[in-house]
Every structure is written in C-alpha cells, then in structure tokens.
Amino acid sequence: MDIEEDKVKAEEFKTKGNEQFKKKEYASAVESYTNAISYGKNEASYYGNRAACYLAMEKYQLCISDCNKALEIDSNFAKAYRRKALCQIQMLQFEDALFNIRKGIQADSKDDNLKQDLQDCERLKKQYERFLKYMEENSFNDAMSELNQITQKIPKNITLLVKKVMCLAMKGSTEQARQILIQIQNHEEVKNDLYYLQGICELYSGKTDKAKVLFRQGMQFDPDNKKCREALKKAQRVEELKEKGNEAIKGNNFDESIKIYDEALQVDPNNRKLNSVILSNRALAYVKKKEYKKALEDVNKSIDLDEAYFRAYLRRADIKMKMGDFESAIFDYQKVKELDASQNVDQLIKEAKIQAKQAKKKDYYKILGVERDASDKEITKAYRKLALKWHPDKNQDNKEEADKIFRDINEAYQVLSDPEKKRMFDQGVDPNDHEQGGMHADFNPNDIFKMFFGGGGGGGFDFGGAGFPGGGFSQGGRNGSQGFTFRFG
C-alpha cells in the first residue's frame, strides 16, 4: 500500500473518530483515532484528537502521553498544550499546567480559552496553597471553604477527596466525611489509608473504641502503617488521662484533676468530641473549687466543640444557677430536654423559674454573700462580718447607705437563720412579703445585732455616733438601759 492510500485511510478513520467524538462515544473514537495513527504516525492532529478523548474519559496520563507525542511532531500545537495543562490541573500539578498554558498562548495568542485557563489555573493554585496552609493551622472551616471552591473545578481528584475526608472529620462533620469515604474507598490510591481514614471518622464522632479496633486492623494489614500507630497511641493516651482526671475529681483532688485535664487536651486538639467531654469535666473541677468564671469559660468551650453534648448544657445550667443567672439556666435546662428527652429536668426548670422570680426581689443569699447551699455556720459567719462592717454608727460619712444595707443584712439573716422562713424563701416565697403569702417583716435590726454582740443589760457598746436611726439603739441604751462601750479603731 502506498503513501497516498495510507493518508486516505488515515483520514477516513479520523473522520469516523470525529463523528464518534461528537456523539460522546469516546471509547469508539479512541479506536478510530488509533487506526488513523497506524496509517499516519507523523500526523500531530491524530494524537491530539485521541488525547481529547482521553481527557473526556478522565484518563489523564494517557492524554498527557498523546499530547507529548503530538508536540514532538508539532511544537506549536496550541491545543495539545491546553489539553495537557487541563489534565495537569485535574492532577493538582498547577506549576506544570501554568507552564503549558503559557506555551500554548505563545503558539496561539488569539486563543481565548487558553487565556481563561491561565486565570483559572492561577486562582486554583492560590486556593490550594491557602487550603494547605489552613489545614496546617488547624483552621478547618477556612480550609473547607477553600476546598469547596477547588472541587467545583476539580471534583474527582482522589488525593483532594481524601483531604476533604480528613478536613470534614477534623471539623466535626464526620457523617459527611464517611459518605465521601464510601464513594472513594475502592480506589487503589485509598487502599493503604482506608483503615486510618475509617478510624479517624469513628474517633472524631466520639466512638473511640471502634476507632481503636480500626487502627489495629490497619497495623495488621500493614505493620509499617505509621498513621494508624500514631492515631492509636493518641487515642489510648487521651482516654487514659481523662479517666485519671476523673478519678482525681472523685478523690476531691481538684487541682490535680485540672492539671491532668490540661495535659489531656494537648494530646489531640482535633478530637472535638472527646475534648468537649474533657472541658466539661474540667469545668466540674472548677465548680468544686467555686471558681465559677473559669468553670463557665470551660463549659462554653465544651459546647463550642460539640453543640449536641447535653451534659455540657446541664453543667452550664448548674453553673449559671450558682452565679445567679437563672434565666440562662432555664434556657440550658430546656436545651438538655431538647437534646435528650429522657433527661428528667422538669424539676430543675421549675426550681430555676422560682429562683428567677426571686431574683427580681430581694436575694437574701446574695445580700449575705453566701451560696444557696451555705450551712448555718457559714450564714452566721457572713452575718457577723457584714453587720460589724455596715453598722450605721461605724459609717458616719455614708450613714444613709449604711442604714439601708444594715437593715437588709439583718433581714436576710432573720430569714435564713429561721428554718421555716428559709424553706419558704427557697420555694419562691418571700416570708417578709405579704403579697406572696409571707409573714410580716416586723423586726428591729438591732435586736439581732445585740444577740451576737451583747447590749441591753450593762455590758455596753459605744459606736461613737448618734445611734441607729428609727430603732431602739442609742448611746444611752434601749429603754433607758446603760450605754454601750464597744469601740472601732
């Protein structure tokens, strides 16, 4: 067969391939272009057309190979540069892609597609660099934002999808991570890391035991699997420290428990579920130390890490109750009920509503500066200290203010030192408020004061002032009794 006949045959197969390509019959078109090449090995367009088929079929290495052959024949073949670059973009080879796009523009400066490709590739390169930077910084929300834009242009790159699985898992979106992993798990590129990726999804969804099983299976499959070994080591260590911290709390070693929890939080900062539990536990340690501000900071962080962790809301509600923020406590108790209907918090909500109602009136506990669970001894001690501090005769410069505070202090003690009145107040009824069904608040604050500090019968106290206004205390004593001689320096 002579050369002219070969050319005719080659063109016939090329024409046939073109028709098949238009119909998206890419495999058939590849066969036709291959036949064309067999009759015309030195025709760049045949390789270029077959490369276009491989590009459409997502067979990027074969496409690049054909583009290289076409460019060996014709170094100014702009379409070959473009097709090669498009493959390299899908393979995340942005620098190589930019090189070939620029070569294509040199070959055909009028090709608008190449100019657009240049802009797209430069943007994708920057987005990918930012994505890697955010991943390194553990800024997973920012990383995912970049990745979502990249995958609009590069939707099927396995390396990118594996990174997406990791990013989603680390930001707490483990179910989305699982779904993507299911789609790609049969790819050869995923085979070596499959157990690790499955384990990470389980670990970061709070299923530590299941994760450890998967990591061990990964090590059995490949004894040199460093990722599984390191992940297993971290999972075991953080669980060990958490349990150790819990035991310290049970033993009332609160400072020790806080140190242990501090260490546990450093082991795997990306384990949002488990770290949420640890932060909530550390908050409990601070509650036991009555450091409510620190406790609140920890439990807020716990909820930020896992918004579905009902125990953190329960703990925050308890802290809010102790801090007197009853409305917020009600919200958190209701959130607990919403997250887990089996939790019986109705009584807690009722109590919080009672306290919220009381908070709008006088809070006798707050007046004395004691907790609601304060003992009789603590209440008495607080009263003695405040009564001495705010007696009007000791506060000549602000006697009117001291008068009011002194009355409140004595009224608070009158209620909280009486078991029946205290019970009424704890149930939401102010025993000194007639409208609430309470008893008449008819008392002289100095009567209570005298019980603690003497007076009325000869011992004598002298506060160096004109006496308590409106009450039976004066320098001359009550009802004509002898004066008092108790002086403050």
# chains A, B, ... in the order shown; residues from 1 in each chain; ligands from 1
call {"tool": "select_by_dssp", "arguments": {"residues": "region 207-255 of chain A", "states": "alpha helix (DSSP H)", "output": "PyMOL selection string"}}
result
chain A and resi 208-221+226-250+254-255
call {"tool": "write_last_selection", "arguments": {"atoms": "N, CA and C atoms", "output": "CSV table (one decimal), in the first residue's frame"}}
result
chain,number,residue,atom,x,y,z
A,208,THR,N,-14.5,6.1,70.2
A,208,THR,CA,-13.1,5.8,70.4
A,208,THR,C,-12.8,4.3,70.3
A,209,ASP,N,-13.6,3.5,71.0
A,209,ASP,CA,-13.3,2.0,71.0
A,209,ASP,C,-13.4,1.4,69.6
A,210,LYS,N,-14.3,1.8,68.8
A,210,LYS,CA,-14.4,1.4,67.4
A,210,LYS,C,-13.2,1.9,66.6
A,211,ALA,N,-12.8,3.1,66.8
A,211,ALA,CA,-11.7,3.7,66.1
A,211,ALA,C,-10.4,2.9,66.4
A,212,LYS,N,-10.2,2.5,67.7
A,212,LYS,CA,-9.0,1.8,68.1
A,212,LYS,C,-9.0,0.4,67.4
A,213,VAL,N,-10.1,-0.2,67.2
A,213,VAL,CA,-10.2,-1.5,66.5
A,213,VAL,C,-9.7,-1.3,65.1
A,214,LEU,N,-10.2,-0.3,64.4
A,214,LEU,CA,-9.8,0.0,63.0
A,214,LEU,C,-8.3,0.3,62.9
A,215,PHE,N,-7.8,1.1,63.8
A,215,PHE,CA,-6.4,1.4,63.8
A,215,PHE,C,-5.5,0.1,63.9
A,216,ARG,N,-6.0,-0.8,64.8
A,216,ARG,CA,-5.2,-2.0,65.0
A,216,ARG,C,-5.3,-2.9,63.7
A,217,GLN,N,-6.5,-2.9,63.1
A,217,GLN,CA,-6.6,-3.6,61.8
A,217,GLN,C,-5.7,-3.1,60.7
A,218,GLY,N,-5.6,-1.7,60.7
A,218,GLY,CA,-4.7,-1.1,59.8
A,218,GLY,C,-3.3,-1.5,60.0
A,219,MET,N,-2.9,-1.7,61.2
A,219,MET,CA,-1.5,-2.1,61.5
A,219,MET,C,-1.3,-3.6,61.2
A,220,GLN,N,-2.3,-4.4,61.3
A,220,GLN,CA,-2.2,-5.8,60.9
A,220,GLN,C,-2.1,-5.9,59.4
A,221,PHE,N,-2.8,-5.0,58.7
A,221,PHE,CA,-2.8,-5.0,57.2
A,221,PHE,C,-1.4,-4.5,56.7
A,226,LYS,N,2.4,4.0,59.9
A,226,LYS,CA,2.7,4.9,61.0
A,226,LYS,C,1.5,5.8,61.4
A,227,LYS,N,0.6,6.0,60.4
A,227,LYS,CA,-0.6,6.9,60.7
A,227,LYS,C,-1.5,6.1,61.7
A,228,CYS,N,-1.7,4.9,61.5
A,228,CYS,CA,-2.6,4.1,62.4
A,228,CYS,C,-1.9,4.0,63.8
A,229,ARG,N,-0.6,3.7,63.8
A,229,ARG,CA,0.1,3.5,65.0
A,229,ARG,C,0.0,4.8,65.9
A,230,GLU,N,0.3,6.0,65.2
A,230,GLU,CA,0.3,7.2,65.9
A,230,GLU,C,-1.1,7.6,66.4
A,231,ALA,N,-2.1,7.3,65.6
A,231,ALA,CA,-3.5,7.6,65.9
A,231,ALA,C,-4.0,6.8,67.1
A,232,LEU,N,-3.6,5.5,67.1
A,232,LEU,CA,-3.9,4.6,68.2
A,232,LEU,C,-3.3,5.0,69.5
A,233,LYS,N,-2.0,5.4,69.4
A,233,LYS,CA,-1.3,5.9,70.6
A,233,LYS,C,-2.0,7.1,71.2
A,234,LYS,N,-2.4,8.1,70.4
A,234,LYS,CA,-3.0,9.3,70.8
A,234,LYS,C,-4.4,8.9,71.5
A,235,ALA,N,-5.2,8.1,70.8
A,235,ALA,CA,-6.5,7.7,71.3
A,235,ALA,C,-6.4,7.1,72.7
A,236,GLN,N,-5.4,6.2,72.9
A,236,GLN,CA,-5.2,5.5,74.1
A,236,GLN,C,-4.7,6.5,75.2
A,237,ARG,N,-3.8,7.4,74.9
A,237,ARG,CA,-3.3,8.3,75.8
A,237,ARG,C,-4.4,9.3,76.4
A,238,VAL,N,-5.1,9.8,75.5
A,238,VAL,CA,-6.1,10.8,75.9
A,238,VAL,C,-7.2,10.1,76.8
A,239,GLU,N,-7.6,8.9,76.4
A,239,GLU,CA,-8.6,8.2,77.3
A,239,GLU,C,-8.0,7.9,78.6
A,240,GLU,N,-6.7,7.5,78.7
A,240,GLU,CA,-6.1,7.2,79.9
A,240,GLU,C,-6.0,8.5,80.8
A,241,LEU,N,-5.7,9.6,80.3
A,241,LEU,CA,-5.6,10.9,81.0
A,241,LEU,C,-7.0,11.3,81.5
A,242,LYS,N,-8.0,11.1,80.6
A,242,LYS,CA,-9.4,11.5,81.0
A,242,LYS,C,-9.8,10.7,82.2
A,243,GLU,N,-9.6,9.4,82.2
A,243,GLU,CA,-10.0,8.6,83.3
A,243,GLU,C,-9.2,8.9,84.6
A,244,LYS,N,-7.9,9.3,84.4
A,244,LYS,CA,-7.1,9.6,85.6
A,244,LYS,C,-7.6,10.9,86.2
A,245,GLY,N,-8.0,11.9,85.3
A,245,GLY,CA,-8.6,13.1,85.8
A,245,GLY,C,-9.9,12.9,86.5
A,246,ASN,N,-10.7,12.0,86.0
A,246,ASN,CA,-12.0,11.7,86.6
A,246,ASN,C,-11.8,11.2,88.0
A,247,GLU,N,-10.8,10.3,88.2
A,247,GLU,CA,-10.5,9.7,89.5
A,247,GLU,C,-10.0,10.7,90.5
A,248,ALA,N,-9.3,11.7,90.0
A,248,ALA,CA,-8.8,12.8,90.8
A,248,ALA,C,-9.9,13.6,91.4
A,249,ILE,N,-10.9,13.8,90.5
A,249,ILE,CA,-12.1,14.6,91.0
A,249,ILE,C,-12.9,13.8,92.1
A,250,LYS,N,-13.0,12.5,91.8
A,250,LYS,CA,-13.7,11.6,92.8
A,250,LYS,C,-13.0,11.6,94.1
A,254,PHE,N,-9.0,18.4,93.3
A,254,PHE,CA,-9.4,19.2,92.1
A,254,PHE,C,-8.3,19.8,91.4
A,255,ASP,N,-7.3,20.4,92.1
A,255,ASP,CA,-6.2,21.0,91.4
A,255,ASP,C,-5.4,19.9,90.6
call {"tool": "residues_around", "arguments": {"residues": "region 295-302 of chain A", "least_positions_apart": "2", "cutoff": "12 Å", "atoms": "only C-alpha atoms", "output": "ChimeraX atom specification"}}
result
/A:258,261-262,265,271-293,304-323,325,329,332
call {"tool": "residues_around", "arguments": {"residues": "Lys421 (chain A)", "least_positions_apart": "3", "cutoff": "10 Å", "atoms": "only C-alpha atoms", "output": "ChimeraX atom specification"}}
result
/A:414-418,424-427,429-432,438-439
call {"tool": "write_last_selection", "arguments": {"atoms": "C-alpha atoms", "output": "PDB file, in the first residue's frame"}}
result
ATOM      1  CA  GLN A 414     -33.654  36.823 110.093  1.00  0.00           C
ATOM      2  CA  VAL A 415     -34.998  34.767 107.163  1.00  0.00           C
ATOM      3  CA  LEU A 416     -32.069  32.438 106.518  1.00  0.00           C
ATOM      4  CA  SER A 417     -31.481  31.603 110.181  1.00  0.00           C
ATOM      5  CA  ASP A 418     -35.107  30.533 110.631  1.00  0.00           C
ATOM      6  CA  MET A 424     -40.432  29.344 102.254  1.00  0.00           C
ATOM      7  CA  PHE A 425     -37.797  31.536 100.598  1.00  0.00           C
ATOM      8  CA  ASP A 426     -36.184  28.543  98.859  1.00  0.00           C
ATOM      9  CA  GLN A 427     -39.616  27.660  97.446  1.00  0.00           C
ATOM     10  CA  VAL A 429     -41.999  32.825  98.696  1.00  0.00           C
ATOM     11  CA  ASP A 430     -40.505  35.808 100.496  1.00  0.00           C
ATOM     12  CA  PRO A 431     -41.627  35.340 104.117  1.00  0.00           C
ATOM     13  CA  ASN A 432     -41.439  39.112 104.593  1.00  0.00           C
ATOM     14  CA  GLY A 438     -45.287  35.692 103.718  1.00  0.00           C
ATOM     15  CA  MET A 439     -45.244  36.885 107.312  1.00  0.00           C
TER      16      MET A 439
END
call {"tool": "closest_residue", "arguments": {"among": "A:Ala10, A:Ile303, A:Ala359, A:Leu388", "to": "Lys335 (chain A)", "atoms": "only C-alpha atoms"}}
result
A:Ile303
call {"tool": "residues_around", "arguments": {"residues": "Lys353 (chain A)", "least_positions_apart": "4", "cutoff": "9 Å", "atoms": "only C-alpha atoms", "output": "list of chain:residue names"}}
result
A:Phe326, A:Glu327, A:Ile330, A:Leu348, A:Ile349, A:Lys357, A:Gln358, A:Gly428
call {"tool": "atom_distance", "arguments": {"atom1": "CA of Thr34 (chain A)", "atom2": "CA of Phe13 (chain A)"}}
result
8.4 Å
call {"tool": "residues_around", "arguments": {"residues": "Ala169 (chain A)", "least_positions_apart": "6", "cutoff": "9 Å", "atoms": "only C-alpha atoms", "output": "count of residues only"}}
result
11
call {"tool": "residues_around", "arguments": {"residues": "Lys41 (chain A)", "least_positions_apart": "6", "cutoff": "10 Å", "atoms": "only C-alpha atoms", "output": "ChimeraX atom specification"}}
result
/A:10,34-35,47,69-70,73
call {"tool": "write_last_selection", "arguments": {"atoms": "C-alpha atoms", "output": "PDB file, in the first residue's frame"}}
result
ATOM      1  CA  ALA A  10      -5.944   7.643   7.987  1.00  0.00           C
ATOM      2  CA  THR A  34      -5.679   4.697  16.913  1.00  0.00           C
ATOM      3  CA  ASN A  35      -6.368   3.242  13.472  1.00  0.00           C
ATOM      4  CA  TYR A  47      -2.605  12.185  18.613  1.00  0.00           C
ATOM      5  CA  LYS A  69       3.715  12.817  21.043  1.00  0.00           C
ATOM      6  CA  ALA A  70       1.730  15.484  19.202  1.00  0.00           C
ATOM      7  CA  ILE A  73       5.686  16.358  15.809  1.00  0.00           C
TER       8      ILE A  73
END
